[in-house]
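A.B. asks: Pasting a structure below so you can have a look.
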Amino acid sequence: MSNTSNQPSGVANQVPPRSKNAFWPVLNIALGAAFCAVFGMWLLPIEQAAMLGILIFCAALWATSYVPEFWPAIALFAFITVTQIAPGNIVLSGFESSTFWLLFSGMVFGAAIKFTGLNQKAAGLLIQILGASYRSVITRTAFFGVLLGFLIPSGIGRVVLLIPIVVAIADQLGYEEESKGRYGMLLAASFGTFLPSFAILPANAPNMLLSGISEALYDNPLSYWDYLLLHFPVLGLTKTIVLIAVVLWLFPAQDPSHQMKPVNAHPQDSCFSRKEKQLLLILVLCFVAWLTDSLHHVSPGWIGLVACAVCLWPNSGLTSEHCLSKDINYGPLFFAAGIIGLGATIAYTGLGETMVNALTQVAPFVEGEHALNLALITGISILVGLVANLAGIPAIITPLAADLADITGLSSHAIVMSEVMAFSSVFLPYQAPPLITAIALGKLPLAAVSKVCIILFVITVLGLLPLNFLWWQINGML
C-alpha cells in the first residue's frame, strides 16, 4: 500500500508558484480592500464598512490563490480578535461548528479508507460500470454523484464517500497525480455529487435551512416532489450535462491506459479483510445515523466525530499511527473555519441585511414584470451568497420574503424558491464546504476548482437560469 506520509499532504497545501512573489499582489489587494472600507464608512456603520473591506480582502485572496487558502483565514482571525469588530466566539465559531468537525471526520475517514485499502475494493466494484473510454468515465462518475444525492442527505458525506473511491479508480486506470484525466474524474465526482443536488430537497444544508425557515415563518412546509419537479429538470439534470461538457473541455485526456482486472480475478483480493469489514461497519453505521438525524436530532458533525474517534483509536489498526501528524492536511480545516467565521461575523455586524435592503431600494423592479422581478431577486440572492456563503442566502433572504413579495408582486413562495437558483450558482469554492472537502481529499488545486466554478456560474446565469424561468412559467409559478 502506498504511503504518502513523506510527501506533501496535498496539492491544496502546496504554495502556487506565483505565491513565491506574492508580497506586492497581496499588498495591492490589501490596499484595495482598505480603500473600499474607508469609502464604505460614508455609507455604512464603521463595523460594517470594516467587514466589507475584510470580505473583499479574503475573497480576493481565495479567488487568486496568491497565498495558501488557510492564510486569509488566519489573518481574519487575527484582525477581528485584535480590533474587536466582533467577539472572539463569533469569528472563531467555525471551530465549534458541526460543519468543521464533519470536514475533519471526513478527512479521517478518507485516510482510514486509504490505509485499510477499502477504497481499492470499492473502486473494483464501481469501475465495472464506468466504461472503457474517458468520456464514459467522466459521464458516469458525474451521474453516479447525482444518484448519491438521492441517497445521502449530506453534501460533505457524499464527497467523503466518493472521492477516495475515485482516487483509487484514477490510480488503477493509469491517471497519475496532477494529470488532466485525474483532475477531470475528481471534478466530475465533486461537482456531480454537489451542484445538481441542490434540486433535491434533503440533499444539502442550504436546502434544509430554506425548508426549515420557510415552514417556521410562513407555515409553508415544502413538498419533496413539488420541489424536485420545479428544480431538477434544469438545475439538476441539465446542469449535470453542462458540467460533464465543461470538465471534458477543460480537462481533456486519453482513454484509460490500464484496464482493471475483474473483481473476482483473484478471490483472495476480492474478499474483505477484517480491518476493512470493521471500517465498513463503522461507515455504514455513521451513514445510517446521518440518514436518521431527523429522529435522533444529533448533528451530522458530532456523529462523524464519534466515528472518527473510533477510527483513531490507537489499537484499532484502522488508521496509521501518524494519521493526525502526517496524513491530514489542516489547511482546508482552517479554510473552512475561516469561511464560517467570516459568515458569522458578517451576520453579527448586519452587513448582509444592510446589503439586501440597499439592493432592493435601487433594483429596478417593475410592477407586473414577474420574470424581470424574479431575475432581480435571484441576482440579489446570488450577491448575498458571495458575501455570506451559500447557507447565508436562506438565512438572510427567507425572513425578508414577505416584504420582497410586496415590493415585486411575486408570491412569497416564488421568492423562497428563487433562492434555490441563487445557492445552486456557486461562483468560487470558498462558498461551499463540500467543495473544500473535495479539494482536501482529492488533492485538487484550488485554481482548477475555481475555474470550473466560474465557468459553470457564467453558463448558469446566462443560460440555465433563463431556461429555468421558462420552466417555471410552464409550471405556473410566474
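Here's how to read the names in the C-alpha cells: chain A, B, ... by the order shown, residue numbers from 1 in each chain, ligand numbers from 1 in the order shown.
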Which residues of stretch 214-300 of chain A sit at most 6 Å from stretch 161-184 of chain A, using only C-alpha atoms? Give each one's shortest atom pair and distance in Å (one decimal place), in chain and ascending residue order, as JSON lines.

C.D. replies:
```
{"residue": "A:Val247", "atom": "CA", "partner": "A:Gly184", "partner_atom": "CA", "distance": 5.8}
{"residue": "A:Phe251", "atom": "CA", "partner": "A:Lys180", "partner_atom": "CA", "distance": 5.0}
{"residue": "A:Ala253", "atom": "CA", "partner": "A:Gly181", "partner_atom": "CA", "distance": 5.1}
{"residue": "A:Pro256", "atom": "CA", "partner": "A:Leu173", "partner_atom": "CA", "distance": 5.1}
{"residue": "A:Ser257", "atom": "CA", "partner": "A:Gly174", "partner_atom": "CA", "distance": 5.4}
{"residue": "A:His258", "atom": "CA", "partner": "A:Leu173", "partner_atom": "CA", "distance": 4.7}
```

A.B. asks: A:Glu367: which residues within 9 Å, counting only C-alpha atoms, same-chain residues fewer than 4 positions away excluded, as a VMD selection string?

C.D. replies: chain A and resid 373 407 to 409

A.B. asks: I'd like the neighbourhood of stretch 456-461 of chain A as a compact mmCIF listing (two decimals) with N, CA, C and O atoms, in the first residue's frame, where a residue qualifies if any of its atoms comes within 8 Å (using only C-alpha atoms), though same-chain residues fewer than 2 positions away should be ignored.

C.D. replies:
```txt
# COMPACT_ATOMS: atom_id res chain seq x y z
N LYS A 239 -27.99 20.78 -15.66
CA LYS A 239 -26.70 21.26 -15.14
C LYS A 239 -25.67 20.15 -15.09
O LYS A 239 -24.47 20.40 -15.31
N VAL A 242 -24.25 19.91 -18.54
CA VAL A 242 -23.34 21.03 -18.76
C VAL A 242 -22.02 20.79 -18.02
O VAL A 242 -20.93 21.05 -18.56
N LEU A 243 -22.10 20.30 -16.79
CA LEU A 243 -20.90 20.01 -16.01
C LEU A 243 -20.00 19.02 -16.75
O LEU A 243 -18.77 19.23 -16.84
N VAL A 246 -18.25 20.74 -19.58
CA VAL A 246 -17.21 21.66 -19.12
C VAL A 246 -15.96 20.90 -18.68
O VAL A 246 -14.83 21.29 -19.03
N SER A 425 -25.86 28.44 -7.71
CA SER A 425 -24.93 29.16 -8.60
C SER A 425 -23.70 29.53 -7.79
O SER A 425 -23.65 30.57 -7.14
N VAL A 426 -22.71 28.67 -7.80
CA VAL A 426 -21.51 28.84 -6.97
C VAL A 426 -20.43 29.53 -7.80
O VAL A 426 -19.99 29.00 -8.82
N PHE A 427 -20.01 30.70 -7.35
CA PHE A 427 -19.01 31.46 -8.09
C PHE A 427 -17.59 31.02 -7.75
O PHE A 427 -16.75 30.89 -8.63
N VAL A 452 -13.62 25.77 -12.83
CA VAL A 452 -14.88 25.09 -13.12
C VAL A 452 -16.04 25.86 -12.52
O VAL A 452 -17.09 26.02 -13.15
N CYS A 453 -15.87 26.34 -11.28
CA CYS A 453 -16.93 27.12 -10.63
C CYS A 453 -17.32 28.33 -11.47
O CYS A 453 -18.50 28.58 -11.73
N ILE A 454 -16.32 29.09 -11.90
CA ILE A 454 -16.59 30.35 -12.61
C ILE A 454 -17.28 30.08 -13.95
O ILE A 454 -18.25 30.75 -14.32
N GLY A 463 -27.47 31.09 -19.23
CA GLY A 463 -28.25 30.09 -19.96
C GLY A 463 -29.26 29.32 -19.14
O GLY A 463 -30.45 29.25 -19.49
N LEU A 464 -28.80 28.75 -18.03
CA LEU A 464 -29.68 27.85 -17.28
C LEU A 464 -30.77 28.60 -16.51
O LEU A 464 -31.91 28.11 -16.41
N LEU A 465 -30.44 29.75 -15.94
CA LEU A 465 -31.46 30.48 -15.18
C LEU A 465 -32.59 30.98 -16.09
O LEU A 465 -33.77 30.81 -15.74
N PRO A 466 -32.28 31.58 -17.27
CA PRO A 466 -33.40 31.91 -18.18
C PRO A 466 -34.21 30.68 -18.58
O PRO A 466 -35.44 30.76 -18.69
```

A.B. asks: If you count only C-alpha atoms, which residues fall within 9 Å of stretch 76-79 of chain A, apart from same-chain ones fewer than 5 positions away, as a list of chain:residue names?

C.D. replies: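 Result of the neighbour search: A:Ile54, A:Cys58, A:Trp71, A:Gln84, A:Ile85, A:Gly88, A:Val91, A:Leu92, A:Gly338, A:Gly341, A:Leu342.
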
A.B. asks: Take the residues just selected and output them with all heavy atoms as a compact mmCIF listing (two decimals), in the first residue's frame.

C.D. replies:
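Result file follows (out.txt):
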```
# COMPACT_ATOMS: atom_id res chain seq x y z
N ILE A 54 -12.77 43.59 4.87
CA ILE A 54 -12.25 42.25 5.21
C ILE A 54 -12.77 41.21 4.23
O ILE A 54 -12.04 40.33 3.77
CB ILE A 54 -12.65 41.88 6.65
CG1 ILE A 54 -11.94 42.81 7.64
CG2 ILE A 54 -12.31 40.43 6.95
CD1 ILE A 54 -12.48 42.72 9.05
N CYS A 58 -10.35 38.87 1.89
CA CYS A 58 -10.33 37.40 1.96
C CYS A 58 -10.80 36.77 0.65
O CYS A 58 -10.16 35.83 0.14
CB CYS A 58 -11.22 36.92 3.11
SG CYS A 58 -10.59 37.32 4.76
N TRP A 71 -4.18 30.97 4.81
CA TRP A 71 -3.60 32.21 5.32
C TRP A 71 -4.64 33.33 5.49
O TRP A 71 -4.65 33.99 6.53
CB TRP A 71 -2.46 32.68 4.42
CG TRP A 71 -1.71 33.82 5.03
CD1 TRP A 71 -0.66 33.75 5.90
CD2 TRP A 71 -1.99 35.21 4.87
NE1 TRP A 71 -0.26 35.01 6.28
CE2 TRP A 71 -1.06 35.93 5.66
CE3 TRP A 71 -2.93 35.94 4.13
CZ2 TRP A 71 -1.04 37.32 5.72
CZ3 TRP A 71 -2.92 37.32 4.20
CH2 TRP A 71 -1.99 38.01 4.99
N GLN A 84 -11.56 43.72 17.71
CA GLN A 84 -12.83 43.52 18.41
C GLN A 84 -14.03 44.03 17.59
O GLN A 84 -15.00 44.55 18.15
CB GLN A 84 -12.80 44.20 19.77
CG GLN A 84 -11.93 43.49 20.79
CD GLN A 84 -12.48 42.11 21.14
OE1 GLN A 84 -13.54 41.98 21.74
NE2 GLN A 84 -11.75 41.07 20.76
N ILE A 85 -13.95 43.88 16.27
CA ILE A 85 -15.12 44.16 15.43
C ILE A 85 -16.27 43.22 15.82
O ILE A 85 -17.44 43.59 15.78
CB ILE A 85 -14.76 44.00 13.94
CG1 ILE A 85 -13.80 45.10 13.53
CG2 ILE A 85 -16.01 44.02 13.06
CD1 ILE A 85 -13.27 44.95 12.12
N GLY A 88 -14.64 37.22 20.04
CA GLY A 88 -13.87 36.06 19.60
C GLY A 88 -14.73 34.84 19.36
O GLY A 88 -14.47 34.05 18.44
N VAL A 91 -16.13 35.17 15.60
CA VAL A 91 -15.22 34.94 14.48
C VAL A 91 -14.58 33.55 14.54
O VAL A 91 -14.22 32.97 13.51
CB VAL A 91 -14.12 36.03 14.45
CG1 VAL A 91 -13.16 35.88 15.63
CG2 VAL A 91 -13.37 35.99 13.12
N LEU A 92 -14.46 32.99 15.74
CA LEU A 92 -13.90 31.64 15.89
C LEU A 92 -14.97 30.58 15.98
O LEU A 92 -14.68 29.42 16.31
CB LEU A 92 -13.00 31.58 17.13
CG LEU A 92 -11.78 32.52 17.12
CD1 LEU A 92 -11.05 32.45 18.46
CD2 LEU A 92 -10.82 32.16 15.97
N GLY A 338 -12.42 29.57 8.68
CA GLY A 338 -12.41 30.98 8.30
C GLY A 338 -13.66 31.39 7.56
O GLY A 338 -14.22 32.48 7.80
N GLY A 341 -16.48 31.51 10.12
CA GLY A 341 -16.29 32.68 10.98
C GLY A 341 -16.57 33.98 10.26
O GLY A 341 -17.15 34.91 10.83
N LEU A 342 -16.19 34.04 8.97
CA LEU A 342 -16.46 35.24 8.18
C LEU A 342 -17.96 35.45 8.03
O LEU A 342 -18.48 36.56 8.21
CB LEU A 342 -15.80 35.11 6.80
CG LEU A 342 -16.01 36.28 5.83
CD1 LEU A 342 -15.40 37.56 6.38
CD2 LEU A 342 -15.40 35.94 4.47
```

A.B. asks: By how many Å are atom CA of A:Val160 and atom CA of A:Gly106 apart?

C.D. replies: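 Going from atom CA of A:Val160 over to atom CA of A:Gly106 covers 5.3 Å.
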
A.B. asks: Would you give me, as a tab-separated table, each residue of stretch 75-148 of chain A having an atom within 9 Å of an atom of stretch 191-195 of chain A, along with its shortest atom pair and that distance in Å to one decimal, using only C-alpha atoms and sorting by chain and residue number?

C.D. replies:
```
residue	atom	partner	partner_atom	distance
A:Thr141	CA	A:Gly192	CA	7.6
A:Ala142	CA	A:Gly192	CA	4.4
A:Phe143	CA	A:Gly192	CA	6.5
A:Phe144	CA	A:Thr193	CA	7.6
A:Gly145	CA	A:Thr193	CA	3.9
A:Val146	CA	A:Thr193	CA	5.0
A:Leu147	CA	A:Thr193	CA	7.8
A:Leu148	CA	A:Thr193	CA	6.6
```

A.B. asks: Let's have the selection written as an mmCIF file, in the first residue's frame, with C-alpha atoms.

C.D. replies:
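Output below, filename out_33.cif:
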```cif
data_model
loop_
_atom_site.group_PDB
_atom_site.id
_atom_site.type_symbol
_atom_site.label_atom_id
_atom_site.label_comp_id
_atom_site.auth_asym_id
_atom_site.auth_seq_id
_atom_site.Cartn_x
_atom_site.Cartn_y
_atom_site.Cartn_z
ATOM 1 C CA THR A 141 -18.950 9.383 -12.484
ATOM 2 C CA ALA A 142 -20.947 12.624 -12.572
ATOM 3 C CA PHE A 143 -24.294 10.824 -12.773
ATOM 4 C CA PHE A 144 -23.264 8.440 -10.001
ATOM 5 C CA GLY A 145 -22.643 11.524 -7.853
ATOM 6 C CA VAL A 146 -26.153 12.768 -8.688
ATOM 7 C CA LEU A 147 -27.586 9.385 -7.676
ATOM 8 C CA LEU A 148 -25.871 9.669 -4.290
#
```

A.B. asks: Restricting the calculation to only C-alpha atoms: of A:Ala73, A:Leu428, A:Ala205, A:Leu102, which residue gets closest to A:Leu386?

C.D. replies: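 For A:Leu386, the nearest of the candidates is A:Leu428.
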
A.B. asks: I'd like the interatomic distance between atom CA of A:Met51 and atom CA of A:Asn357, to a tenth of an Å.

C.D. replies: 16.8 Å

A.B. asks: If you run DSSP on the backbone, which residues of stretch 81-232 of chain A are alpha helix (DSSP H), as a PyMOL selection string?

C.D. replies: chain A and resi 81-83+88-91+98-116+118-126+134-151+155-173+180-192+205-218+224-231

A.B. asks: Grab the residues selected above and save them as a compact mmCIF listing (two decimals), in the first residue's frame with C-alpha atoms.

C.D. replies:
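Contents of the output file out_19.txt:
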```
# COMPACT_ATOMS: atom_id res chain seq x y z
CA THR A 81 -9.90 39.42 17.54
CA VAL A 82 -7.41 42.31 17.81
CA THR A 83 -9.81 45.01 16.59
CA GLY A 88 -13.87 36.06 19.60
CA ASN A 89 -16.61 33.48 19.99
CA ILE A 90 -18.22 34.86 16.81
CA VAL A 91 -15.22 34.94 14.48
CA SER A 98 -20.72 20.91 13.17
CA THR A 99 -19.57 21.58 9.60
CA PHE A 100 -15.94 21.98 10.72
CA TRP A 101 -15.97 18.66 12.55
CA LEU A 102 -17.83 16.98 9.71
CA LEU A 103 -14.99 18.07 7.43
CA PHE A 104 -12.39 16.84 9.95
CA SER A 105 -14.10 13.47 10.32
CA GLY A 106 -14.38 13.21 6.55
CA MET A 107 -10.64 13.68 6.22
CA VAL A 108 -10.03 10.99 8.83
CA PHE A 109 -12.45 8.66 7.01
CA GLY A 110 -10.54 9.29 3.79
CA ALA A 111 -7.24 8.44 5.49
CA ALA A 112 -8.74 5.28 7.03
CA ILE A 113 -10.30 4.17 3.74
CA LYS A 114 -6.93 4.52 2.03
CA PHE A 115 -4.93 2.97 4.90
CA THR A 116 -7.08 -0.18 5.06
CA LEU A 118 -11.13 -0.28 1.31
CA ASN A 119 -11.02 2.31 -1.46
CA GLN A 120 -9.40 -0.23 -3.78
CA LYS A 121 -12.18 -2.75 -3.16
CA ALA A 122 -14.90 -0.17 -3.70
CA ALA A 123 -13.12 1.06 -6.81
CA GLY A 124 -13.03 -2.50 -8.16
CA LEU A 125 -16.80 -2.70 -7.87
CA LEU A 126 -17.59 0.76 -9.23
CA TYR A 134 -12.52 8.70 -20.73
CA ARG A 135 -15.78 10.30 -21.85
CA SER A 136 -17.85 7.49 -20.35
CA VAL A 137 -15.82 7.56 -17.12
CA ILE A 138 -16.49 11.28 -16.66
CA THR A 139 -20.16 10.99 -17.63
CA ARG A 140 -20.97 8.04 -15.40
CA THR A 141 -18.95 9.38 -12.48
CA ALA A 142 -20.95 12.62 -12.57
CA PHE A 143 -24.29 10.82 -12.77
CA PHE A 144 -23.26 8.44 -10.00
CA GLY A 145 -22.64 11.52 -7.85
CA VAL A 146 -26.15 12.77 -8.69
CA LEU A 147 -27.59 9.38 -7.68
CA LEU A 148 -25.87 9.67 -4.29
CA GLY A 149 -27.75 12.95 -3.81
CA PHE A 150 -30.97 10.96 -3.56
CA LEU A 151 -29.47 8.53 -1.03
CA GLY A 155 -23.04 17.08 0.69
CA ILE A 156 -19.85 16.57 2.66
CA GLY A 157 -20.90 12.99 3.45
CA ARG A 158 -21.24 12.19 -0.25
CA VAL A 159 -17.86 13.76 -1.01
CA VAL A 160 -16.25 11.81 1.83
CA LEU A 161 -17.67 8.57 0.45
CA LEU A 162 -16.96 9.12 -3.24
CA ILE A 163 -13.65 10.99 -3.54
CA PRO A 164 -11.36 8.29 -2.02
CA ILE A 165 -13.00 5.74 -4.31
CA VAL A 166 -12.49 7.91 -7.38
CA VAL A 167 -8.85 8.46 -6.37
CA ALA A 168 -8.36 4.70 -6.31
CA ILE A 169 -10.10 4.30 -9.68
CA ALA A 170 -7.90 7.01 -11.20
CA ASP A 171 -4.81 5.17 -9.94
CA GLN A 172 -5.95 1.89 -11.43
CA LEU A 173 -6.90 3.46 -14.77
CA LYS A 180 -5.77 16.17 -16.51
CA GLY A 181 -7.53 12.82 -16.53
CA ARG A 182 -7.26 12.50 -12.77
CA TYR A 183 -8.44 16.09 -12.21
CA GLY A 184 -11.32 15.51 -14.61
CA MET A 185 -12.53 12.44 -12.74
CA LEU A 186 -12.27 14.13 -9.35
CA LEU A 187 -14.01 17.29 -10.55
CA ALA A 188 -16.82 15.28 -12.15
CA ALA A 189 -17.30 13.44 -8.86
CA SER A 190 -17.03 16.56 -6.68
CA PHE A 191 -19.37 18.78 -8.69
CA GLY A 192 -21.65 15.93 -9.74
CA ALA A 205 -27.65 22.14 4.14
CA PRO A 206 -28.97 25.28 2.35
CA ASN A 207 -31.97 23.29 1.07
CA MET A 208 -32.85 22.10 4.54
CA LEU A 209 -32.25 25.53 6.06
CA LEU A 210 -34.57 27.00 3.43
CA SER A 211 -37.23 24.41 4.21
CA GLY A 212 -36.98 24.87 7.97
CA ILE A 213 -37.09 28.68 7.94
CA SER A 214 -39.92 28.73 5.40
CA GLU A 215 -42.03 26.37 7.48
CA ALA A 216 -41.30 28.24 10.72
CA LEU A 217 -42.02 31.73 9.34
CA TYR A 218 -44.76 31.10 6.80
CA TYR A 224 -40.33 16.85 -1.79
CA TRP A 225 -41.97 16.07 -5.14
CA ASP A 226 -43.01 19.66 -5.95
CA TYR A 227 -39.50 20.87 -5.10
CA LEU A 228 -37.97 18.18 -7.31
CA LEU A 229 -40.33 18.89 -10.22
CA LEU A 230 -39.67 22.62 -10.04
CA HIS A 231 -35.88 22.49 -9.89
```

A.B. asks: Just to confirm, what's the straight-line distance from atom CA of A:Leu55 to atom CA of A:Met421 in Å (one decimal)?

C.D. replies: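 For atom CA of A:Leu55 relative to atom CA of A:Met421, the distance reads 23.0 Å.
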
A.B. asks: Find the residue from A:Val420, A:Ser133, A:Ser320, A:Ile282 that sits nearest to A:Val306; use only C-alpha atoms when measuring.

C.D. replies: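 That would be A:Ile282, the residue with the smallest distance to A:Val306.
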
A.B. asks: Ranking A:Ile29, A:Ala347, A:Ile380, A:Ala432 by minimum distance to A:Leu359 and counting only C-alpha atoms, which one comes first?

C.D. replies: A:Ile380

A.B. asks: Would you please work out which residue, of A:Gln278, A:Asn28, A:Thr360, A:Asn329, is nearest to A:Glu69 when using only C-alpha atoms?

C.D. replies: A:Asn329
